[in-house]
Amino acid sequence: MTSTTQMVNPPEDTLLLHNSPDGEADVKPRKVLITGAAGFIGMHLAKRLLQRGDTVVGLDNMNDYYDVSLKEARLAELVDHDGFSFIKMELADRAGMESLFAEASFDAVVNLAAQAGVRYSLKNPHAYIDSNIVGFTNILEGCRHTGVKHLVYASSSSVYGANESMPFSVHDNVDHPISLYAATKKANELMAHTYSHLYGLPTTGLRFFTVYGPWGRPDMALFLFTKAIMEGKPIDVFNYGDMQRDFTYIDDIVEGVVRVLDQQAEGNPQWDGAHPDPCSSRAPWRVYNIGNSAPVGLMAYIEALEEALGMTAEKNFLPLQAGDVPATWADVEQLAKDVGYRPAMSVPEGVKRFVQWYRDYYDIA
């Protein structure tokens with residue numbers, strides 16, 4: 001186990017309280033493990049928790065799936081906080097993960113580390129098993145044996161797979177994934193339920209819908225499109241532009257994660273095994289969608305980017321790629337009911353903020 005900074009102990013004064021979503025101060029500062037802390041969502045979440053007084057231990061393997069310098073720059077946004085420490089480690093490192101959990105005594109864990117990407121899963125399936133299955137098992141075991149009070153983990157809208165019922169509801173059956181990435185995320189939900197049932201470990205899975213915004217991933221459409229357009233190169237538009245995505249701004253995602261983290265998963269006393277609800281259980285296990293609940297056509301998304309850049313894209317129209325779905329749309333009624341939150345950032349404003357960050361980060365006038 002290697003660490004770039006010394007582990008930070010929780011602050012001695014744990015009587016100071018955070019402001020909960022309804023304005024009541026009732027959430028004590030905690031020690032939280034965030035895996036994937038150098039990632040897009042991980043960095044933003046860590047910054048948010050640090051700002052409100054939590055102690056955060058960030059873990060990431062810093063792999064080269066995309067530009068490592070971007071991950072290092074994200075970490076640089078966090079290292080000046082007194083409550084932050086970083087561990088470079090693979091989730092699949094069983095001995096290292098056991099030692100980390102035993103030594104740190106985390107109050108809560110947010111697992112955002114995973115091998116991402118639908119298309120890459122066609123090329124390197126073993127990476128998904130190592131990180132998303134073996135690594136998640138190590139997370140579950142660490143939580144189980146050290147009394148973690150709440151495990152929140154990233155699932156994905158991709159679990160809806162061949163489901164064509166719109167909008168995608170957490171009450172829908174999701175047994176037909178169409179990529180290995182999606183299958184591993186569905187497996188995470190099932191594995192978490194087992195641990196919630198057997199050991200009483202509260203777990204909550206979050207199905208994220210097409211996250212975008214400042215510090216985003218270079219393999220995602222907005223980043224790829226922006227780079228190509230600014231370099232005068234054509235952009236690849238799949239399914240000949242006939243696609244819709246429920247684009248969700250990063251700040252909205254983080255707000256949803258924080259609210260869910262602060263509300264420990266509980267069993268559903270009305271759950272009926274004869275007519276099982278797919279998003280809850282008698283065990284302390286929950287699953288939620290976090291999406292903007294307002295799908296936008298791909299061509300409209302590109303138009304918003306062209307407007308923000310003041311440039312027109314040259315478009316290379318291509319067929320739908322294997323593993324992709326033509327449309328996503330999040331039903332967030334259960335999230336709104338349970339934690340009182342609905343994402344709301346408009347795509348034009350969110351894209352504008354990304355472009356501003358992109359220009360600043362790459363020092364482009």
# chains A, B, ... in the order shown; residues from 1 in each chain; ligands from 1

call {"tool": "closest_atom_pairs", "arguments": {"of": "region 37-60 of chain A", "to": "region 84-106 of chain A", "cutoff": "8 Å", "atoms": "only C-alpha atoms", "output": "JSON lines"}}
result
{"residue": "A:Leu50", "atom": "CA", "partner": "A:Phe84", "partner_atom": "CA", "distance": 7.4}
{"residue": "A:Thr55", "atom": "CA", "partner": "A:Phe84", "partner_atom": "CA", "distance": 6.2}
{"residue": "A:Val56", "atom": "CA", "partner": "A:Phe84", "partner_atom": "CA", "distance": 5.0}
{"residue": "A:Val57", "atom": "CA", "partner": "A:Ser85", "partner_atom": "CA", "distance": 5.0}
{"residue": "A:Gly58", "atom": "CA", "partner": "A:Phe86", "partner_atom": "CA", "distance": 4.7}
{"residue": "A:Leu59", "atom": "CA", "partner": "A:Ile87", "partner_atom": "CA", "distance": 4.8}
{"residue": "A:Asp60", "atom": "CA", "partner": "A:Lys88", "partner_atom": "CA", "distance": 5.3}

call {"tool": "write_last_selection", "arguments": {"atoms": "N, CA, C and O atoms", "output": "PDB file, in the first residue's frame"}}
result
ATOM      1  N   LEU A  50     -15.281  17.889   1.770  1.00  0.00           N
ATOM      2  CA  LEU A  50     -14.235  18.589   2.515  1.00  0.00           C
ATOM      3  C   LEU A  50     -14.692  19.986   2.921  1.00  0.00           C
ATOM      4  O   LEU A  50     -14.437  20.446   4.037  1.00  0.00           O
ATOM      5  N   THR A  55     -13.835  14.515   6.859  1.00  0.00           N
ATOM      6  CA  THR A  55     -12.491  14.035   6.542  1.00  0.00           C
ATOM      7  C   THR A  55     -12.624  13.045   5.388  1.00  0.00           C
ATOM      8  O   THR A  55     -13.470  12.152   5.431  1.00  0.00           O
ATOM      9  N   VAL A  56     -11.813  13.220   4.356  1.00  0.00           N
ATOM     10  CA  VAL A  56     -11.923  12.388   3.158  1.00  0.00           C
ATOM     11  C   VAL A  56     -10.608  11.687   2.874  1.00  0.00           C
ATOM     12  O   VAL A  56      -9.549  12.324   2.811  1.00  0.00           O
ATOM     13  N   VAL A  57     -10.670  10.376   2.724  1.00  0.00           N
ATOM     14  CA  VAL A  57      -9.551   9.592   2.218  1.00  0.00           C
ATOM     15  C   VAL A  57      -9.898   9.233   0.775  1.00  0.00           C
ATOM     16  O   VAL A  57     -10.922   8.590   0.515  1.00  0.00           O
ATOM     17  N   GLY A  58      -9.074   9.671  -0.155  1.00  0.00           N
ATOM     18  CA  GLY A  58      -9.295   9.382  -1.564  1.00  0.00           C
ATOM     19  C   GLY A  58      -8.434   8.229  -2.010  1.00  0.00           C
ATOM     20  O   GLY A  58      -7.251   8.146  -1.652  1.00  0.00           O
ATOM     21  N   LEU A  59      -9.014   7.337  -2.782  1.00  0.00           N
ATOM     22  CA  LEU A  59      -8.279   6.188  -3.319  1.00  0.00           C
ATOM     23  C   LEU A  59      -8.457   6.167  -4.830  1.00  0.00           C
ATOM     24  O   LEU A  59      -9.557   6.387  -5.341  1.00  0.00           O
ATOM     25  N   ASP A  60      -7.368   5.890  -5.554  1.00  0.00           N
ATOM     26  CA  ASP A  60      -7.437   5.786  -7.010  1.00  0.00           C
ATOM     27  C   ASP A  60      -6.206   5.013  -7.481  1.00  0.00           C
ATOM     28  O   ASP A  60      -5.130   5.139  -6.890  1.00  0.00           O
TER      29      ASP A  60
END

call {"tool": "select_by_dssp", "arguments": {"residues": "region 274-343 of chain A", "states": "alpha helix (DSSP H)", "output": "PyMOL selection string"}}
result
chain A and resi 298-309+333-339

call {"tool": "write_last_selection", "arguments": {"atoms": "N, CA, C and O atoms", "output": "short mmCIF file (atom, residue, chain, number, x, y, z; two decimals), in the first residue's frame"}}
result
data_model
loop_
_atom_site.label_atom_id
_atom_site.label_comp_id
_atom_site.auth_asym_id
_atom_site.auth_seq_id
_atom_site.Cartn_x
_atom_site.Cartn_y
_atom_site.Cartn_z
N LEU A 298 -29.19 14.39 -29.45
CA LEU A 298 -27.76 14.57 -29.65
C LEU A 298 -27.48 15.80 -30.51
O LEU A 298 -26.54 16.55 -30.24
N MET A 299 -28.29 16.02 -31.54
CA MET A 299 -28.06 17.18 -32.41
C MET A 299 -28.28 18.49 -31.65
O MET A 299 -27.56 19.47 -31.87
N ALA A 300 -29.25 18.51 -30.73
CA ALA A 300 -29.47 19.71 -29.92
C ALA A 300 -28.30 19.93 -28.97
O ALA A 300 -27.92 21.08 -28.68
N TYR A 301 -27.74 18.86 -28.46
CA TYR A 301 -26.57 18.93 -27.58
C TYR A 301 -25.39 19.54 -28.34
O TYR A 301 -24.69 20.42 -27.83
N ILE A 302 -25.21 19.08 -29.57
CA ILE A 302 -24.13 19.62 -30.41
C ILE A 302 -24.38 21.09 -30.72
O ILE A 302 -23.45 21.91 -30.71
N GLU A 303 -25.63 21.45 -30.97
CA GLU A 303 -25.96 22.85 -31.23
C GLU A 303 -25.64 23.73 -30.02
O GLU A 303 -25.15 24.86 -30.17
N ALA A 304 -25.91 23.22 -28.82
CA ALA A 304 -25.58 23.99 -27.62
C ALA A 304 -24.07 24.19 -27.51
O ALA A 304 -23.60 25.26 -27.09
N LEU A 305 -23.30 23.17 -27.89
CA LEU A 305 -21.85 23.28 -27.86
C LEU A 305 -21.36 24.27 -28.92
O LEU A 305 -20.48 25.10 -28.64
N GLU A 306 -21.93 24.19 -30.11
CA GLU A 306 -21.54 25.13 -31.17
C GLU A 306 -21.82 26.58 -30.73
O GLU A 306 -21.02 27.49 -30.99
N GLU A 307 -22.95 26.78 -30.07
CA GLU A 307 -23.30 28.12 -29.58
C GLU A 307 -22.30 28.59 -28.54
O GLU A 307 -21.86 29.75 -28.57
N ALA A 308 -21.92 27.70 -27.61
CA ALA A 308 -20.97 28.08 -26.55
C ALA A 308 -19.58 28.37 -27.11
O ALA A 308 -18.87 29.25 -26.60
N LEU A 309 -19.21 27.64 -28.15
CA LEU A 309 -17.88 27.81 -28.76
C LEU A 309 -17.85 28.95 -29.78
O LEU A 309 -16.79 29.48 -30.09
N GLU A 333 -38.53 10.04 -9.69
CA GLU A 333 -39.58 10.22 -8.69
C GLU A 333 -39.21 9.61 -7.35
O GLU A 333 -39.49 10.18 -6.29
N GLN A 334 -38.56 8.44 -7.36
CA GLN A 334 -38.19 7.81 -6.09
C GLN A 334 -37.13 8.61 -5.35
O GLN A 334 -37.17 8.76 -4.12
N LEU A 335 -36.18 9.16 -6.10
CA LEU A 335 -35.15 10.03 -5.49
C LEU A 335 -35.80 11.26 -4.87
O LEU A 335 -35.48 11.64 -3.73
N ALA A 336 -36.71 11.88 -5.61
CA ALA A 336 -37.40 13.08 -5.10
C ALA A 336 -38.22 12.74 -3.86
O ALA A 336 -38.25 13.52 -2.89
N LYS A 337 -38.88 11.60 -3.86
CA LYS A 337 -39.72 11.20 -2.73
C LYS A 337 -38.89 10.93 -1.48
O LYS A 337 -39.24 11.36 -0.37
N ASP A 338 -37.76 10.24 -1.65
CA ASP A 338 -36.99 9.79 -0.49
C ASP A 338 -36.01 10.83 0.04
O ASP A 338 -35.79 10.91 1.25
N VAL A 339 -35.38 11.61 -0.85
CA VAL A 339 -34.38 12.57 -0.37
C VAL A 339 -34.70 14.01 -0.79
O VAL A 339 -33.92 14.93 -0.52
#

call {"tool": "closest_residue", "arguments": {"among": "A:Tyr249, A:Val258, A:Gly83, A:His197", "to": "Ala108 (chain A)", "atoms": "only C-alpha atoms"}}
result
A:Val258

call {"tool": "residues_around", "arguments": {"residues": "Leu45 (chain A)", "least_positions_apart": "6", "cutoff": "9 Å", "atoms": "only C-alpha atoms", "output": "list in words"}}
result
Ile34, Ala37, Asp251, Ile253, Val254, Glu255, Val257 and Val258 of chain A

call {"tool": "residues_around", "arguments": {"residues": "Asn173 (chain A)", "least_positions_apart": "5", "cutoff": "9 Å", "atoms": "only C-alpha atoms", "output": "MDAnalysis selection string"}}
result
chainID A and resid 160 163 277:278

call {"tool": "write_last_selection", "arguments": {"atoms": "N, CA, C and O atoms", "output": "mmCIF file, in the first residue's frame"}}
result
data_model
loop_
_atom_site.group_PDB
_atom_site.id
_atom_site.type_symbol
_atom_site.label_atom_id
_atom_site.label_comp_id
_atom_site.auth_asym_id
_atom_site.auth_seq_id
_atom_site.Cartn_x
_atom_site.Cartn_y
_atom_site.Cartn_z
ATOM 1 N N TYR A 160 -30.125 -0.459 -17.750
ATOM 2 C CA TYR A 160 -31.445 -0.612 -18.367
ATOM 3 C C TYR A 160 -31.372 -1.363 -19.691
ATOM 4 O O TYR A 160 -32.371 -1.935 -20.139
ATOM 5 N N ASN A 163 -34.137 -2.634 -22.179
ATOM 6 C CA ASN A 163 -35.425 -2.093 -21.723
ATOM 7 C C ASN A 163 -35.801 -0.876 -22.565
ATOM 8 O O ASN A 163 -35.044 0.093 -22.646
ATOM 9 N N ASP A 277 -40.363 -5.395 -5.456
ATOM 10 C CA ASP A 277 -40.001 -4.104 -6.031
ATOM 11 C C ASP A 277 -38.499 -4.126 -6.308
ATOM 12 O O ASP A 277 -37.704 -4.333 -5.379
ATOM 13 N N PRO A 278 -38.050 -3.910 -7.559
ATOM 14 C CA PRO A 278 -36.628 -4.017 -7.895
ATOM 15 C C PRO A 278 -35.711 -2.988 -7.241
ATOM 16 O O PRO A 278 -34.497 -3.155 -7.271
#

call {"tool": "select_by_dssp", "arguments": {"residues": "region 27-170 of chain A", "states": "strand (DSSP E)", "output": "PyMOL selection string"}}
result
chain A and resi 27+31-35+55-60+84-88+108-111+150-156

call {"tool": "closest_residue", "arguments": {"among": "A:Lys185, A:Arg359, A:Val296, A:Gly135", "to": "Lys227 (chain A)", "atoms": "only C-alpha atoms"}}
result
A:Arg359

call {"tool": "residues_around", "arguments": {"residues": "Asn316 (chain A)", "least_positions_apart": "2", "cutoff": "6 Å", "atoms": "only C-alpha atoms", "output": "list in words"}}
result
Ile235, Asp236 and Val237 of chain A

call {"tool": "atom_distance", "arguments": {"atom1": "CA of Met230 (chain A)", "atom2": "CA of Arg245 (chain A)"}}
result
23.1 Å

call {"tool": "atom_distance", "arguments": {"atom1": "CA of Gly291 (chain A)", "atom2": "CA of Lys352 (chain A)"}}
result
18.8 Å

call {"tool": "closest_residue", "arguments": {"among": "A:Ser281, A:Asn292, A:Thr248, A:Thr35", "to": "Gly216 (chain A)", "atoms": "only C-alpha atoms"}}
result
A:Thr248

call {"tool": "residues_around", "arguments": {"residues": "Asn188 (chain A)", "least_positions_apart": "4", "cutoff": "12 Å", "atoms": "only C-alpha atoms", "output": "PyMOL selection string"}}
result
chain A and resi 111-112+114+128-129+131-140+151-156+159+181-184+192-195+203-207+287

call {"tool": "residues_around", "arguments": {"residues": "Pro202 (chain A)", "least_positions_apart": "2", "cutoff": "8 Å", "atoms": "only C-alpha atoms", "output": "MDAnalysis selection string"}}
result
chainID A and resid 149:151 196 200 204 264:266 283:285

call {"tool": "write_last_selection", "arguments": {"atoms": "N, CA and C atoms", "output": "mmCIF file, in the first residue's frame"}}
result
data_model
loop_
_atom_site.group_PDB
_atom_site.id
_atom_site.type_symbol
_atom_site.label_atom_id
_atom_site.label_comp_id
_atom_site.auth_asym_id
_atom_site.auth_seq_id
_atom_site.Cartn_x
_atom_site.Cartn_y
_atom_site.Cartn_z
ATOM 1 N N LYS A 149 -21.084 2.448 8.228
ATOM 2 C CA LYS A 149 -22.506 2.705 8.454
ATOM 3 C C LYS A 149 -23.313 2.870 7.171
ATOM 4 N N HIS A 150 -22.653 3.185 6.051
ATOM 5 C CA HIS A 150 -23.383 3.352 4.796
ATOM 6 C C HIS A 150 -22.398 3.240 3.638
ATOM 7 N N LEU A 151 -22.698 2.360 2.697
ATOM 8 C CA LEU A 151 -21.949 2.248 1.448
ATOM 9 C C LEU A 151 -22.822 2.782 0.325
ATOM 10 N N SER A 196 -26.333 -6.525 2.212
ATOM 11 C CA SER A 196 -27.360 -5.854 3.022
ATOM 12 C C SER A 196 -28.245 -6.882 3.711
ATOM 13 N N GLY A 200 -26.675 -6.923 7.223
ATOM 14 C CA GLY A 200 -27.293 -5.672 7.658
ATOM 15 C C GLY A 200 -26.527 -4.436 7.241
ATOM 16 N N THR A 204 -26.542 1.767 -0.886
ATOM 17 C CA THR A 204 -27.373 2.494 -1.847
ATOM 18 C C THR A 204 -26.632 2.591 -3.166
ATOM 19 N N GLN A 264 -29.073 7.219 5.490
ATOM 20 C CA GLN A 264 -28.692 5.810 5.497
ATOM 21 C C GLN A 264 -29.819 4.929 4.956
ATOM 22 N N ALA A 265 -29.448 4.004 4.081
ATOM 23 C CA ALA A 265 -30.435 3.098 3.495
ATOM 24 C C ALA A 265 -31.136 2.286 4.577
ATOM 25 N N GLU A 266 -32.439 2.118 4.419
ATOM 26 C CA GLU A 266 -33.240 1.345 5.359
ATOM 27 C C GLU A 266 -34.072 0.317 4.601
ATOM 28 N N ALA A 283 -34.223 -5.745 3.325
ATOM 29 C CA ALA A 283 -32.871 -5.412 3.788
ATOM 30 C C ALA A 283 -32.619 -3.908 3.592
ATOM 31 N N PRO A 284 -31.623 -3.335 4.279
ATOM 32 C CA PRO A 284 -31.303 -1.910 4.115
ATOM 33 C C PRO A 284 -30.561 -1.654 2.802
ATOM 34 N N TRP A 285 -31.294 -1.717 1.712
ATOM 35 C CA TRP A 285 -30.731 -1.660 0.350
ATOM 36 C C TRP A 285 -31.640 -0.828 -0.531
#

call {"tool": "closest_residue", "arguments": {"among": "A:Val325, A:Val211, A:Val68, A:Leu222", "to": "Phe354 (chain A)", "atoms": "only C-alpha atoms"}}
result
A:Leu222

call {"tool": "atom_distance", "arguments": {"atom1": "CA of Arg259 (chain A)", "atom2": "CA of Lys31 (chain A)"}}
result
16.2 Å
